[in-house]
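For reference, the structure is listed below as structure tokens.
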Amino acid sequence: MADDYLVRIGKLIRDARQHRGWTQSQLADALGTSQSAVNRIERGNQNISLEMIARIGEALDSEIVSLGYAGPMHLRVVGGRRLSGAIDVKTSKNACVALLCATLLNKGRTVLRRVARIEEVYRLLEVLNSIGVRTRWINDGVDLEIVPPARLDMDAIDADAARRTRSIIMFLGPLLHRMDRFRLPYAGGCDLGTRTIEPHMIALRRFGLDITATEGIYHAQVEAGVSPGRPIVLTERGDTVTENALLAAARHDGVTVIRNASSNYMVQDLCFFLEALGVEVEGIGTTTLTVHGVPNIDVDVDYSPSEDPVEAMSLLAAAVVTESELTIRRVPIEFMEIELAVLEEMGLDHDRSAEYTADNGRTRLVDLTVRPSKLEAPIDKIHPMPFPGLNIDNVPFFAAIAAVAQGQTLIHDWVYDNRAIYLTDLNRLGGRLQLLDPHRVLVEGPTRWRAAEMMCPPALRPAVVVLLAMMAAEGTSVLRNVYVINRGYEELAERLNSVGAQIEIFRDI
């Protein structure tokens with residue numbers, strides 16, 4: 001019994017170390033011990049004290065290896081501070097998760113550069129590892145190497161991890177080419193109201209995929225030889241729907257035309273990656289994609305996903321609500337132009353650098369300097385549209401921006417059932433937001449922010465909006481249980497601290 005306990009502890013330590021991207025030698029150096037001792041601990045062949053477990057947990061910054069139950073992470077925010085300096089935009093969360101799913105198309109080795117170290121990525125890695133895919137962080141934990149097995153073990157899938165990410169839905173497109181039948185747990189993610197998978201099925205049925213749902217599981221069956229005889233018309237111009245159709249078309253032996261496709265940033269990154277795999281994609285950046293499939297993909301590929309325009313918008317909003325001068329570097333300008341046009345009309349004072357190219361060789365970047373501005377509410381309502389319109393995920397940040405502008409702003413989030421409701425959490429911090437219906441909120445500005453203690457909203461972008469308002473509020477605020485923020489942002493608190501914020505991470509004792 002004791003030996004089994006040591007083996008389980010060793011596995012936890014090994015998994016935490018690999019998530020950190022460390023070798024056994026690096027962990028040994030941090031602990032002041034030898035690599036052979038770490039090896040024995042991870043194999044369960046060495047007695048280990050509670051003190052050593054605590055030291056390992058501290059070294060790996062892991063709540064998996066800890067004394068007792070560490071509990072959820074909270075943030076303590078000392079507000080009213082001005083930001084200054086420069087901050088880089090990280091790679092796109094939504095592109096990274098799509099690319100991880102796309103690696104299932106390839107029999108060869110894939111290296112993804114500067115992958116976002118976020119909970120959503122970790123959940124997908126847990127799922128991939130559970131079905132036999134070998135993943136490891138390389139180059140000091142910056143890049144990610146993925147090598148699939150000859151045969152996926154879908155019976156061993158980590159159902160808990162799969163249910164904590166909606167991105168699991170993008171396994172459908174690649175898997176229909178690898179097996180005749182398989183099962184996937186229901187997809188999870190943010191609480192944004194009911195979202196069916198029917199738009200995905202309308203596209204994927206054209207490749208022979210049929211799904212029945214029972215007791216929290218999608219049961220998938222693939223009919224061989226089924227081929228889209230005419231263009232696929234998506235009933236929803238959604239990002240993940242388009243990505244699933246692309247993933248199915250990539251290994252289809254023939255030409256697939258996808259109409260009403262999303263041309264958003266993560267879809268373009270996926271198209272660029274498919275081209276690196278040898279799949280020809282015509283129409284990138286438009287709503288009609290023509291995919292020349294390759295039935296067998298076995299290449300070693302190295303790809304750099306581009307920067308995240310939603311993170312760029314988050315950082316811009318942080319500068320606006322704290323009345324700061326801040327330079328945001330590596331902004332994917334093509335996917336921020338509408339937002340900036342709206343903000344210019346509101347009175348935003350900013351400069352942008354000359355354009356340069358992202359590491360993927362395709363996406364256009366700029367450096368953006370934002371200065372304190374006297375903003376006026378926009379004449380028209382703020383509402384999202386599919387790209388090239390105002391990004392759906394950027395709409396919540398306009399609630400915080402509108403709160404510091406003079407006048408009334410109507411925000412209409414027609415896409416999600418619940419998200420506008422969560423924006424009214426800003427009222428706890430001094431905001432004046434009136435919910436007109438589940439999709440529309442009226443924001444009155446300017447706002448005198450005040451500190452408060454509150455639970456984190458269960459949706460990613462509204463949660464960050466609340467954090468930004470806390471940064472603007474004089475006094476000390478507490479935001480409890482911020483897992484949802486960690487799903488989509490890498491070390492956000494630490495990075496904001498680097499430009500002048502004062503945010504402390506803590507857990508309950």
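Each chain in the structure tokens gets a letter, A, B, ..., in the order shown, and its residues are numbered from 1; ligands are numbered from 1 in order too.
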
task = Could you find all residues in range 281-388 of chain A that DSSP calls alpha helix (DSSP H) from the backbone, and write them as JSON, numbers by chain?
result = {"A": [309, 310, 311, 312, 313, 314, 315, 316, 317, 318, 319, 320, 321, 337, 338, 339, 340, 341, 342, 343, 344, 345, 346]}

Could the residues in this selection be saved with N, CA and C atoms as a PDB file, in the first residue's frame?
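Done, and the output landed in again-v2.pdb:
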ATOM      1  N   PRO A 309      -5.414  38.849 -30.802  1.00  0.00           N
ATOM      2  CA  PRO A 309      -6.015  40.181 -30.822  1.00  0.00           C
ATOM      3  C   PRO A 309      -6.914  40.462 -29.622  1.00  0.00           C
ATOM      4  N   VAL A 310      -7.458  39.409 -29.011  1.00  0.00           N
ATOM      5  CA  VAL A 310      -8.317  39.624 -27.842  1.00  0.00           C
ATOM      6  C   VAL A 310      -7.465  39.975 -26.627  1.00  0.00           C
ATOM      7  N   GLU A 311      -6.288  39.354 -26.502  1.00  0.00           N
ATOM      8  CA  GLU A 311      -5.382  39.772 -25.437  1.00  0.00           C
ATOM      9  C   GLU A 311      -4.911  41.201 -25.680  1.00  0.00           C
ATOM     10  N   ALA A 312      -4.658  41.546 -26.942  1.00  0.00           N
ATOM     11  CA  ALA A 312      -4.262  42.922 -27.261  1.00  0.00           C
ATOM     12  C   ALA A 312      -5.346  43.900 -26.827  1.00  0.00           C
ATOM     13  N   MET A 313      -6.604  43.542 -27.075  1.00  0.00           N
ATOM     14  CA  MET A 313      -7.717  44.397 -26.658  1.00  0.00           C
ATOM     15  C   MET A 313      -7.792  44.474 -25.139  1.00  0.00           C
ATOM     16  N   SER A 314      -7.506  43.375 -24.450  1.00  0.00           N
ATOM     17  CA  SER A 314      -7.504  43.371 -22.986  1.00  0.00           C
ATOM     18  C   SER A 314      -6.483  44.367 -22.444  1.00  0.00           C
ATOM     19  N   LEU A 315      -5.290  44.355 -23.024  1.00  0.00           N
ATOM     20  CA  LEU A 315      -4.223  45.239 -22.558  1.00  0.00           C
ATOM     21  C   LEU A 315      -4.528  46.695 -22.894  1.00  0.00           C
ATOM     22  N   LEU A 316      -5.125  46.917 -24.071  1.00  0.00           N
ATOM     23  CA  LEU A 316      -5.533  48.270 -24.434  1.00  0.00           C
ATOM     24  C   LEU A 316      -6.577  48.794 -23.435  1.00  0.00           C
ATOM     25  N   ALA A 317      -7.562  47.932 -23.103  1.00  0.00           N
ATOM     26  CA  ALA A 317      -8.594  48.330 -22.146  1.00  0.00           C
ATOM     27  C   ALA A 317      -7.995  48.607 -20.771  1.00  0.00           C
ATOM     28  N   ALA A 318      -6.975  47.832 -20.389  1.00  0.00           N
ATOM     29  CA  ALA A 318      -6.308  48.075 -19.100  1.00  0.00           C
ATOM     30  C   ALA A 318      -5.707  49.472 -19.059  1.00  0.00           C
ATOM     31  N   ALA A 319      -5.081  49.888 -20.170  1.00  0.00           N
ATOM     32  CA  ALA A 319      -4.495  51.222 -20.226  1.00  0.00           C
ATOM     33  C   ALA A 319      -5.579  52.302 -20.164  1.00  0.00           C
ATOM     34  N   VAL A 320      -6.690  52.070 -20.878  1.00  0.00           N
ATOM     35  CA  VAL A 320      -7.756  53.073 -20.926  1.00  0.00           C
ATOM     36  C   VAL A 320      -8.392  53.271 -19.562  1.00  0.00           C
ATOM     37  N   VAL A 321      -8.786  52.170 -18.882  1.00  0.00           N
ATOM     38  CA  VAL A 321      -9.534  52.320 -17.627  1.00  0.00           C
ATOM     39  C   VAL A 321      -8.646  52.820 -16.491  1.00  0.00           C
ATOM     40  N   GLU A 337      -8.649  46.515 -36.297  1.00  0.00           N
ATOM     41  CA  GLU A 337      -8.869  47.784 -36.985  1.00  0.00           C
ATOM     42  C   GLU A 337     -10.245  48.374 -36.695  1.00  0.00           C
ATOM     43  N   ILE A 338     -11.285  47.554 -36.614  1.00  0.00           N
ATOM     44  CA  ILE A 338     -12.623  48.071 -36.338  1.00  0.00           C
ATOM     45  C   ILE A 338     -12.682  48.600 -34.910  1.00  0.00           C
ATOM     46  N   GLU A 339     -12.117  47.840 -33.973  1.00  0.00           N
ATOM     47  CA  GLU A 339     -12.103  48.281 -32.581  1.00  0.00           C
ATOM     48  C   GLU A 339     -11.409  49.640 -32.445  1.00  0.00           C
ATOM     49  N   LEU A 340     -10.267  49.789 -33.111  1.00  0.00           N
ATOM     50  CA  LEU A 340      -9.530  51.052 -33.027  1.00  0.00           C
ATOM     51  C   LEU A 340     -10.284  52.188 -33.710  1.00  0.00           C
ATOM     52  N   ALA A 341     -10.990  51.873 -34.791  1.00  0.00           N
ATOM     53  CA  ALA A 341     -11.779  52.910 -35.464  1.00  0.00           C
ATOM     54  C   ALA A 341     -12.879  53.424 -34.542  1.00  0.00           C
ATOM     55  N   VAL A 342     -13.546  52.505 -33.814  1.00  0.00           N
ATOM     56  CA  VAL A 342     -14.582  52.904 -32.858  1.00  0.00           C
ATOM     57  C   VAL A 342     -13.972  53.744 -31.741  1.00  0.00           C
ATOM     58  N   LEU A 343     -12.827  53.304 -31.214  1.00  0.00           N
ATOM     59  CA  LEU A 343     -12.177  54.019 -30.118  1.00  0.00           C
ATOM     60  C   LEU A 343     -11.677  55.391 -30.555  1.00  0.00           C
ATOM     61  N   GLU A 344     -11.218  55.511 -31.789  1.00  0.00           N
ATOM     62  CA  GLU A 344     -10.811  56.818 -32.301  1.00  0.00           C
ATOM     63  C   GLU A 344     -11.991  57.789 -32.304  1.00  0.00           C
ATOM     64  N   GLU A 345     -13.161  57.291 -32.703  1.00  0.00           N
ATOM     65  CA  GLU A 345     -14.355  58.141 -32.690  1.00  0.00           C
ATOM     66  C   GLU A 345     -14.747  58.526 -31.265  1.00  0.00           C
ATOM     67  N   MET A 346     -14.404  57.687 -30.301  1.00  0.00           N
ATOM     68  CA  MET A 346     -14.686  58.002 -28.898  1.00  0.00           C
ATOM     69  C   MET A 346     -13.658  58.966 -28.310  1.00  0.00           C
TER      70      MET A 346
END

Could you produce a table of the residues of range 432-495 of chain A lying within 12 Å of range 366-386 of chain A, with the nearest pair of atoms per residue and their separation in Å rounded to one decimal, using only C-alpha atoms, ordered by chain and increasing residue number, as a Markdown table?
| residue | atom | partner | partner_atom | distance |
| --- | --- | --- | --- | --- |
| A:His439 | CA | A:His383 | CA | 10.2 |
| A:Arg440 | CA | A:His383 | CA | 9.4 |
| A:Val441 | CA | A:Ile382 | CA | 10.1 |
| A:Leu442 | CA | A:Lys381 | CA | 9.5 |
| A:Val443 | CA | A:Ala377 | CA | 9.2 |
| A:Glu444 | CA | A:Ala377 | CA | 8.8 |
| A:Gly445 | CA | A:Ala377 | CA | 8.0 |
| A:Pro446 | CA | A:Leu375 | CA | 9.0 |
| A:Thr447 | CA | A:Leu375 | CA | 12.0 |

message = Give me, as an NGL selection string, all polymer residues having an atom no more than 6 Å from range 20-29 of chain A, counting only C-alpha atoms and skipping those fewer than 4 positions away in the same chain.
response = :A and (33-35 or 137 or 141)

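Counting from CA of Val38 in chain A, the distance to CA of Tyr122 in chain A is 23.0 Å.
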
Strand (DSSP E or B) positions in range 165-249 of chain A, given as a ChimeraX atom specification = /A:181-185,209-214,217-222,232-233

With all heavy atoms retained, export the selected residues as a compact mmCIF listing (two decimals), in the first residue's frame.
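Output contents, as saved in selection-v9.txt:
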# COMPACT_ATOMS: atom_id res chain seq x y z
N ARG A 181 -15.34 4.37 -35.56
CA ARG A 181 -16.23 4.76 -34.45
C ARG A 181 -15.39 5.18 -33.26
O ARG A 181 -14.30 4.66 -33.04
CB ARG A 181 -17.20 3.63 -34.08
CG ARG A 181 -16.54 2.34 -33.62
CD ARG A 181 -17.59 1.25 -33.34
NE ARG A 181 -18.28 0.83 -34.54
CZ ARG A 181 -19.61 0.84 -34.70
NH1 ARG A 181 -20.37 1.26 -33.69
NH2 ARG A 181 -20.17 0.44 -35.81
N PHE A 182 -15.90 6.14 -32.50
CA PHE A 182 -15.20 6.60 -31.31
C PHE A 182 -16.18 7.35 -30.43
O PHE A 182 -17.31 7.66 -30.84
CB PHE A 182 -14.01 7.50 -31.68
CG PHE A 182 -14.36 8.70 -32.51
CD1 PHE A 182 -14.69 9.92 -31.91
CD2 PHE A 182 -14.37 8.63 -33.90
CE1 PHE A 182 -15.02 11.03 -32.67
CE2 PHE A 182 -14.69 9.75 -34.68
CZ PHE A 182 -15.02 10.94 -34.05
N ARG A 183 -15.74 7.65 -29.21
CA ARG A 183 -16.58 8.37 -28.25
C ARG A 183 -15.83 9.60 -27.74
O ARG A 183 -14.62 9.55 -27.54
CB ARG A 183 -16.96 7.48 -27.06
CG ARG A 183 -17.84 6.30 -27.44
CD ARG A 183 -18.23 5.50 -26.22
NE ARG A 183 -17.06 4.98 -25.53
CZ ARG A 183 -17.09 4.38 -24.34
NH1 ARG A 183 -18.25 4.25 -23.69
NH2 ARG A 183 -15.98 3.93 -23.78
N LEU A 184 -16.57 10.69 -27.54
CA LEU A 184 -16.01 11.91 -26.95
C LEU A 184 -16.93 12.39 -25.84
O LEU A 184 -18.16 12.38 -26.00
CB LEU A 184 -15.90 13.02 -28.00
CG LEU A 184 -14.70 13.07 -28.94
CD1 LEU A 184 -14.82 14.30 -29.83
CD2 LEU A 184 -13.39 13.10 -28.17
N PRO A 185 -16.38 12.85 -24.71
CA PRO A 185 -17.22 13.45 -23.67
C PRO A 185 -17.82 14.75 -24.16
O PRO A 185 -17.30 15.41 -25.06
CB PRO A 185 -16.24 13.70 -22.52
CG PRO A 185 -15.06 12.82 -22.79
CD PRO A 185 -14.97 12.73 -24.30
N LEU A 209 -19.88 11.44 -40.99
CA LEU A 209 -19.90 11.36 -39.54
C LEU A 209 -21.34 11.44 -39.03
O LEU A 209 -22.10 12.33 -39.39
CB LEU A 209 -19.09 12.50 -38.93
CG LEU A 209 -19.01 12.52 -37.39
CD1 LEU A 209 -18.20 11.35 -36.87
CD2 LEU A 209 -18.41 13.84 -36.90
N ASP A 210 -21.69 10.50 -38.16
CA ASP A 210 -23.00 10.51 -37.51
C ASP A 210 -22.78 10.41 -36.00
O ASP A 210 -21.92 9.64 -35.54
CB ASP A 210 -23.85 9.33 -37.99
CG ASP A 210 -25.24 9.36 -37.37
OD1 ASP A 210 -26.00 10.30 -37.62
OD2 ASP A 210 -25.55 8.42 -36.58
N ILE A 211 -23.52 11.20 -35.24
CA ILE A 211 -23.33 11.24 -33.78
C ILE A 211 -24.66 11.05 -33.08
O ILE A 211 -25.67 11.65 -33.45
CB ILE A 211 -22.69 12.57 -33.34
CG1 ILE A 211 -21.20 12.58 -33.69
CG2 ILE A 211 -22.85 12.80 -31.84
CD1 ILE A 211 -20.47 13.81 -33.21
N THR A 212 -24.65 10.22 -32.04
CA THR A 212 -25.75 10.14 -31.09
C THR A 212 -25.19 10.50 -29.72
O THR A 212 -24.04 10.20 -29.42
CB THR A 212 -26.39 8.75 -31.06
OG1 THR A 212 -25.36 7.77 -30.76
CG2 THR A 212 -27.02 8.41 -32.41
N ALA A 213 -26.02 11.14 -28.91
CA ALA A 213 -25.58 11.59 -27.60
C ALA A 213 -26.34 10.85 -26.51
O ALA A 213 -27.57 10.82 -26.51
CB ALA A 213 -25.81 13.09 -27.46
N THR A 214 -25.59 10.23 -25.59
CA THR A 214 -26.21 9.54 -24.46
C THR A 214 -25.34 9.72 -23.22
O THR A 214 -24.12 9.59 -23.28
CB THR A 214 -26.37 8.02 -24.71
OG1 THR A 214 -25.08 7.46 -24.95
CG2 THR A 214 -27.27 7.76 -25.91
N ILE A 217 -21.97 11.62 -23.32
CA ILE A 217 -20.98 11.14 -24.29
C ILE A 217 -21.52 11.32 -25.71
O ILE A 217 -22.69 11.04 -25.99
CB ILE A 217 -20.65 9.65 -24.06
CG1 ILE A 217 -20.06 9.42 -22.67
CG2 ILE A 217 -19.70 9.12 -25.14
CD1 ILE A 217 -18.66 9.97 -22.49
N TYR A 218 -20.66 11.80 -26.61
CA TYR A 218 -20.96 11.77 -28.03
C TYR A 218 -20.47 10.43 -28.59
O TYR A 218 -19.29 10.11 -28.50
CB TYR A 218 -20.24 12.89 -28.78
CG TYR A 218 -20.66 14.29 -28.39
CD1 TYR A 218 -19.69 15.26 -28.08
CD2 TYR A 218 -21.99 14.67 -28.34
CE1 TYR A 218 -20.06 16.55 -27.74
CE2 TYR A 218 -22.38 15.95 -27.99
CZ TYR A 218 -21.40 16.89 -27.69
OH TYR A 218 -21.76 18.16 -27.34
N HIS A 219 -21.37 9.66 -29.17
CA HIS A 219 -21.01 8.40 -29.82
C HIS A 219 -20.94 8.65 -31.32
O HIS A 219 -21.95 8.94 -31.96
CB HIS A 219 -22.05 7.32 -29.51
CG HIS A 219 -22.18 7.02 -28.05
ND1 HIS A 219 -21.51 5.98 -27.43
CD2 HIS A 219 -22.90 7.63 -27.08
CE1 HIS A 219 -21.82 5.97 -26.14
NE2 HIS A 219 -22.66 6.95 -25.90
N ALA A 220 -19.73 8.57 -31.88
CA ALA A 220 -19.51 8.91 -33.28
C ALA A 220 -19.32 7.66 -34.12
O ALA A 220 -18.63 6.71 -33.70
CB ALA A 220 -18.29 9.81 -33.41
N GLN A 221 -19.92 7.66 -35.29
CA GLN A 221 -19.75 6.57 -36.24
C GLN A 221 -19.51 7.18 -37.61
O GLN A 221 -20.18 8.15 -38.00
CB GLN A 221 -20.99 5.67 -36.26
CG GLN A 221 -20.81 4.41 -37.09
CD GLN A 221 -21.88 3.37 -36.77
OE1 GLN A 221 -22.38 3.32 -35.64
NE2 GLN A 221 -22.22 2.56 -37.74
N VAL A 222 -18.56 6.60 -38.35
CA VAL A 222 -18.17 7.17 -39.64
C VAL A 222 -18.50 6.17 -40.75
O VAL A 222 -18.08 5.02 -40.70
CB VAL A 222 -16.66 7.49 -39.67
CG1 VAL A 222 -16.30 8.17 -41.00
CG2 VAL A 222 -16.28 8.39 -38.50
N ILE A 232 -20.09 22.83 -49.12
CA ILE A 232 -20.66 22.81 -47.78
C ILE A 232 -20.99 24.26 -47.41
O ILE A 232 -20.11 25.12 -47.43
CB ILE A 232 -19.67 22.22 -46.76
CG1 ILE A 232 -19.40 20.75 -47.08
CG2 ILE A 232 -20.18 22.38 -45.34
CD1 ILE A 232 -18.29 20.14 -46.24
N VAL A 233 -22.25 24.50 -47.07
CA VAL A 233 -22.66 25.83 -46.64
C VAL A 233 -22.90 25.79 -45.14
O VAL A 233 -23.81 25.09 -44.67
CB VAL A 233 -23.94 26.29 -47.37
CG1 VAL A 233 -24.35 27.69 -46.89
CG2 VAL A 233 -23.72 26.28 -48.88

When you look at range 415-423 of chain A with a cut-off of 9 Å (counting only C-alpha atoms), what residues show up, excluding the ones that are within fewer than 4 positions of it in the same chain? I need them as a PDB file with C-alpha atoms, in the first residue's frame.
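Result saved to selection-v3.pdb:
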ATOM      1  CA  ASP A 191     -20.860  29.400 -19.080  1.00  0.00           C
ATOM      2  CA  LEU A 192     -22.260  31.354 -22.015  1.00  0.00           C
ATOM      3  CA  GLY A 193     -25.667  29.746 -22.354  1.00  0.00           C
ATOM      4  CA  THR A 194     -26.819  26.871 -24.505  1.00  0.00           C
ATOM      5  CA  ARG A 195     -24.637  26.230 -27.547  1.00  0.00           C
ATOM      6  CA  PRO A 384     -20.155  42.255 -32.675  1.00  0.00           C
ATOM      7  CA  ILE A 392     -17.263  38.976 -30.559  1.00  0.00           C
ATOM      8  CA  PRO A 396     -17.045  42.910 -23.103  1.00  0.00           C
ATOM      9  CA  ALA A 399     -18.227  47.798 -21.140  1.00  0.00           C
ATOM     10  CA  ALA A 400     -15.229  48.874 -19.036  1.00  0.00           C
ATOM     11  CA  ILE A 411     -23.781  47.277 -25.832  1.00  0.00           C
ATOM     12  CA  ASN A 427     -21.915  47.634 -10.676  1.00  0.00           C
ATOM     13  CA  LEU A 433     -24.829  49.377 -16.009  1.00  0.00           C
ATOM     14  CA  LEU A 435     -29.435  45.271 -18.089  1.00  0.00           C
ATOM     15  CA  ASP A 437     -32.483  42.101 -21.611  1.00  0.00           C
ATOM     16  CA  PRO A 438     -30.123  39.054 -21.636  1.00  0.00           C
ATOM     17  CA  HIS A 439     -28.281  40.490 -24.638  1.00  0.00           C
ATOM     18  CA  ARG A 440     -28.263  44.279 -24.107  1.00  0.00           C
ATOM     19  CA  VAL A 441     -26.744  46.454 -21.430  1.00  0.00           C
ATOM     20  CA  PRO A 457     -17.728  35.655 -13.250  1.00  0.00           C
ATOM     21  CA  PRO A 458     -17.822  32.184 -14.891  1.00  0.00           C
ATOM     22  CA  ALA A 459     -17.091  33.594 -18.372  1.00  0.00           C
ATOM     23  CA  ARG A 461     -13.810  37.937 -20.946  1.00  0.00           C
ATOM     24  CA  PRO A 462     -16.250  39.403 -18.359  1.00  0.00           C
ATOM     25  CA  ALA A 463     -13.922  38.036 -15.666  1.00  0.00           C
ATOM     26  CA  VAL A 465     -13.173  43.106 -17.433  1.00  0.00           C
ATOM     27  CA  VAL A 466     -13.902  42.922 -13.687  1.00  0.00           C
TER      28      VAL A 466
END

Show which residues sit within 6 Å of His74 in chain A, as a PDB file with all heavy atoms, in the first residue's frame. Count only C-alpha atoms, and ignore same-chain residues fewer than 5 positions away.
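What follows is the written file around25.pdb:
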ATOM      1  N   LEU A 479     -10.637  39.416  -6.040  1.00  0.00           N
ATOM      2  CA  LEU A 479     -11.365  38.643  -7.044  1.00  0.00           C
ATOM      3  C   LEU A 479     -11.113  37.172  -6.772  1.00  0.00           C
ATOM      4  O   LEU A 479      -9.980  36.699  -6.866  1.00  0.00           O
ATOM      5  CB  LEU A 479     -10.897  39.022  -8.450  1.00  0.00           C
ATOM      6  CG  LEU A 479     -11.686  38.420  -9.622  1.00  0.00           C
ATOM      7  CD1 LEU A 479     -13.161  38.803  -9.545  1.00  0.00           C
ATOM      8  CD2 LEU A 479     -11.087  38.855 -10.955  1.00  0.00           C
ATOM      9  N   ARG A 480     -12.163  36.452  -6.415  1.00  0.00           N
ATOM     10  CA  ARG A 480     -12.013  35.074  -5.947  1.00  0.00           C
ATOM     11  C   ARG A 480     -12.254  34.052  -7.055  1.00  0.00           C
ATOM     12  O   ARG A 480     -13.122  34.226  -7.898  1.00  0.00           O
ATOM     13  CB  ARG A 480     -12.968  34.806  -4.778  1.00  0.00           C
ATOM     14  CG  ARG A 480     -12.609  35.616  -3.530  1.00  0.00           C
ATOM     15  CD  ARG A 480     -13.314  35.103  -2.283  1.00  0.00           C
ATOM     16  NE  ARG A 480     -12.717  35.726  -1.091  1.00  0.00           N
ATOM     17  CZ  ARG A 480     -11.666  35.256  -0.448  1.00  0.00           C
ATOM     18  NH1 ARG A 480     -11.080  34.143  -0.880  1.00  0.00           N
ATOM     19  NH2 ARG A 480     -11.179  35.870   0.610  1.00  0.00           N
ATOM     20  N   ASN A 481     -11.457  32.996  -7.002  1.00  0.00           N
ATOM     21  CA  ASN A 481     -11.574  31.830  -7.894  1.00  0.00           C
ATOM     22  C   ASN A 481     -11.427  32.239  -9.365  1.00  0.00           C
ATOM     23  O   ASN A 481     -12.395  32.277 -10.121  1.00  0.00           O
ATOM     24  CB  ASN A 481     -12.902  31.101  -7.665  1.00  0.00           C
ATOM     25  CG  ASN A 481     -12.867  29.696  -8.260  1.00  0.00           C
ATOM     26  OD1 ASN A 481     -11.889  29.297  -8.902  1.00  0.00           O
ATOM     27  ND2 ASN A 481     -13.935  28.941  -8.049  1.00  0.00           N
ATOM     28  N   VAL A 482     -10.184  32.503  -9.753  1.00  0.00           N
ATOM     29  CA  VAL A 482      -9.905  33.054 -11.072  1.00  0.00           C
ATOM     30  C   VAL A 482      -9.464  31.988 -12.080  1.00  0.00           C
ATOM     31  O   VAL A 482      -8.776  32.295 -13.059  1.00  0.00           O
ATOM     32  CB  VAL A 482      -8.843  34.175 -10.990  1.00  0.00           C
ATOM     33  CG1 VAL A 482      -9.375  35.346 -10.191  1.00  0.00           C
ATOM     34  CG2 VAL A 482      -7.534  33.657 -10.383  1.00  0.00           C
ATOM     35  N   ILE A 505      -1.316  37.176  -6.038  1.00  0.00           N
ATOM     36  CA  ILE A 505      -1.986  35.882  -6.132  1.00  0.00           C
ATOM     37  C   ILE A 505      -1.958  35.219  -4.768  1.00  0.00           C
ATOM     38  O   ILE A 505      -0.906  35.175  -4.112  1.00  0.00           O
ATOM     39  CB  ILE A 505      -1.274  34.988  -7.171  1.00  0.00           C
ATOM     40  CG1 ILE A 505      -1.318  35.647  -8.559  1.00  0.00           C
ATOM     41  CG2 ILE A 505      -1.894  33.599  -7.211  1.00  0.00           C
ATOM     42  CD1 ILE A 505      -0.443  34.955  -9.590  1.00  0.00           C
ATOM     43  N   PHE A 506      -3.100  34.704  -4.322  1.00  0.00           N
ATOM     44  CA  PHE A 506      -3.115  34.014  -3.032  1.00  0.00           C
ATOM     45  C   PHE A 506      -4.177  32.916  -3.037  1.00  0.00           C
ATOM     46  O   PHE A 506      -5.052  32.879  -3.899  1.00  0.00           O
ATOM     47  CB  PHE A 506      -3.352  35.009  -1.878  1.00  0.00           C
ATOM     48  CG  PHE A 506      -4.774  35.534  -1.800  1.00  0.00           C
ATOM     49  CD1 PHE A 506      -5.682  35.002  -0.887  1.00  0.00           C
ATOM     50  CD2 PHE A 506      -5.199  36.566  -2.626  1.00  0.00           C
ATOM     51  CE1 PHE A 506      -6.974  35.497  -0.806  1.00  0.00           C
ATOM     52  CE2 PHE A 506      -6.495  37.059  -2.541  1.00  0.00           C
ATOM     53  CZ  PHE A 506      -7.388  36.523  -1.621  1.00  0.00           C
ATOM     54  N   ARG A 507      -4.055  32.034  -2.057  1.00  0.00           N
ATOM     55  CA  ARG A 507      -5.038  30.972  -1.864  1.00  0.00           C
ATOM     56  C   ARG A 507      -5.463  30.960  -0.399  1.00  0.00           C
ATOM     57  O   ARG A 507      -4.715  31.375   0.469  1.00  0.00           O
ATOM     58  CB  ARG A 507      -4.469  29.616  -2.251  1.00  0.00           C
ATOM     59  CG  ARG A 507      -4.229  29.453  -3.763  1.00  0.00           C
ATOM     60  CD  ARG A 507      -3.714  28.047  -4.066  1.00  0.00           C
ATOM     61  NE  ARG A 507      -3.680  27.810  -5.478  1.00  0.00           N
ATOM     62  CZ  ARG A 507      -2.654  28.112  -6.272  1.00  0.00           C
ATOM     63  NH1 ARG A 507      -1.572  28.679  -5.741  1.00  0.00           N
ATOM     64  NH2 ARG A 507      -2.685  27.843  -7.555  1.00  0.00           N
TER      65      ARG A 507
END

message = With only C-alpha atoms as the counted atoms, please give the residues lying no more than 10 Å from Thr256 in chain A, apart from itself and same-chain residues fewer than 3 positions off, as a list in words.
response =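 Near Thr256 in chain A, the qualifying residues are Ser227, Pro228, Gly229, Arg230, Pro231, Ile232, Ala245, Leu246, Ala248, Ala249, Ala250, His252, Asp253, Arg259, Val281, Leu289, Thr290, Val291, His292 and Gly293 of chain A.
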
Once you have the residues from the selection above, write them out as a short mmCIF file (atom, residue, chain, number, x, y, z; two decimals), in the first residue's frame, restricted to C-alpha atoms.
data_model
loop_
_atom_site.label_atom_id
_atom_site.label_comp_id
_atom_site.auth_asym_id
_atom_site.auth_seq_id
_atom_site.Cartn_x
_atom_site.Cartn_y
_atom_site.Cartn_z
CA SER A 227 -17.91 12.64 -49.85
CA PRO A 228 -19.32 16.18 -50.12
CA GLY A 229 -20.82 16.23 -53.58
CA ARG A 230 -21.38 19.97 -53.55
CA PRO A 231 -20.10 22.95 -51.53
CA ILE A 232 -20.66 22.81 -47.78
CA ALA A 245 -14.97 21.64 -41.43
CA LEU A 246 -11.38 22.51 -42.41
CA ALA A 248 -12.37 17.20 -41.93
CA ALA A 249 -11.57 18.50 -45.41
CA ALA A 250 -7.80 18.46 -44.87
CA HIS A 252 -10.49 14.15 -47.48
CA ASP A 253 -9.34 12.73 -50.82
CA ARG A 259 -19.03 28.61 -47.86
CA VAL A 281 -6.25 26.12 -49.07
CA LEU A 289 -12.50 28.29 -48.61
CA THR A 290 -11.46 25.66 -51.15
CA VAL A 291 -9.48 22.81 -49.60
CA HIS A 292 -7.43 20.34 -51.64
CA GLY A 293 -7.22 17.42 -49.23
#
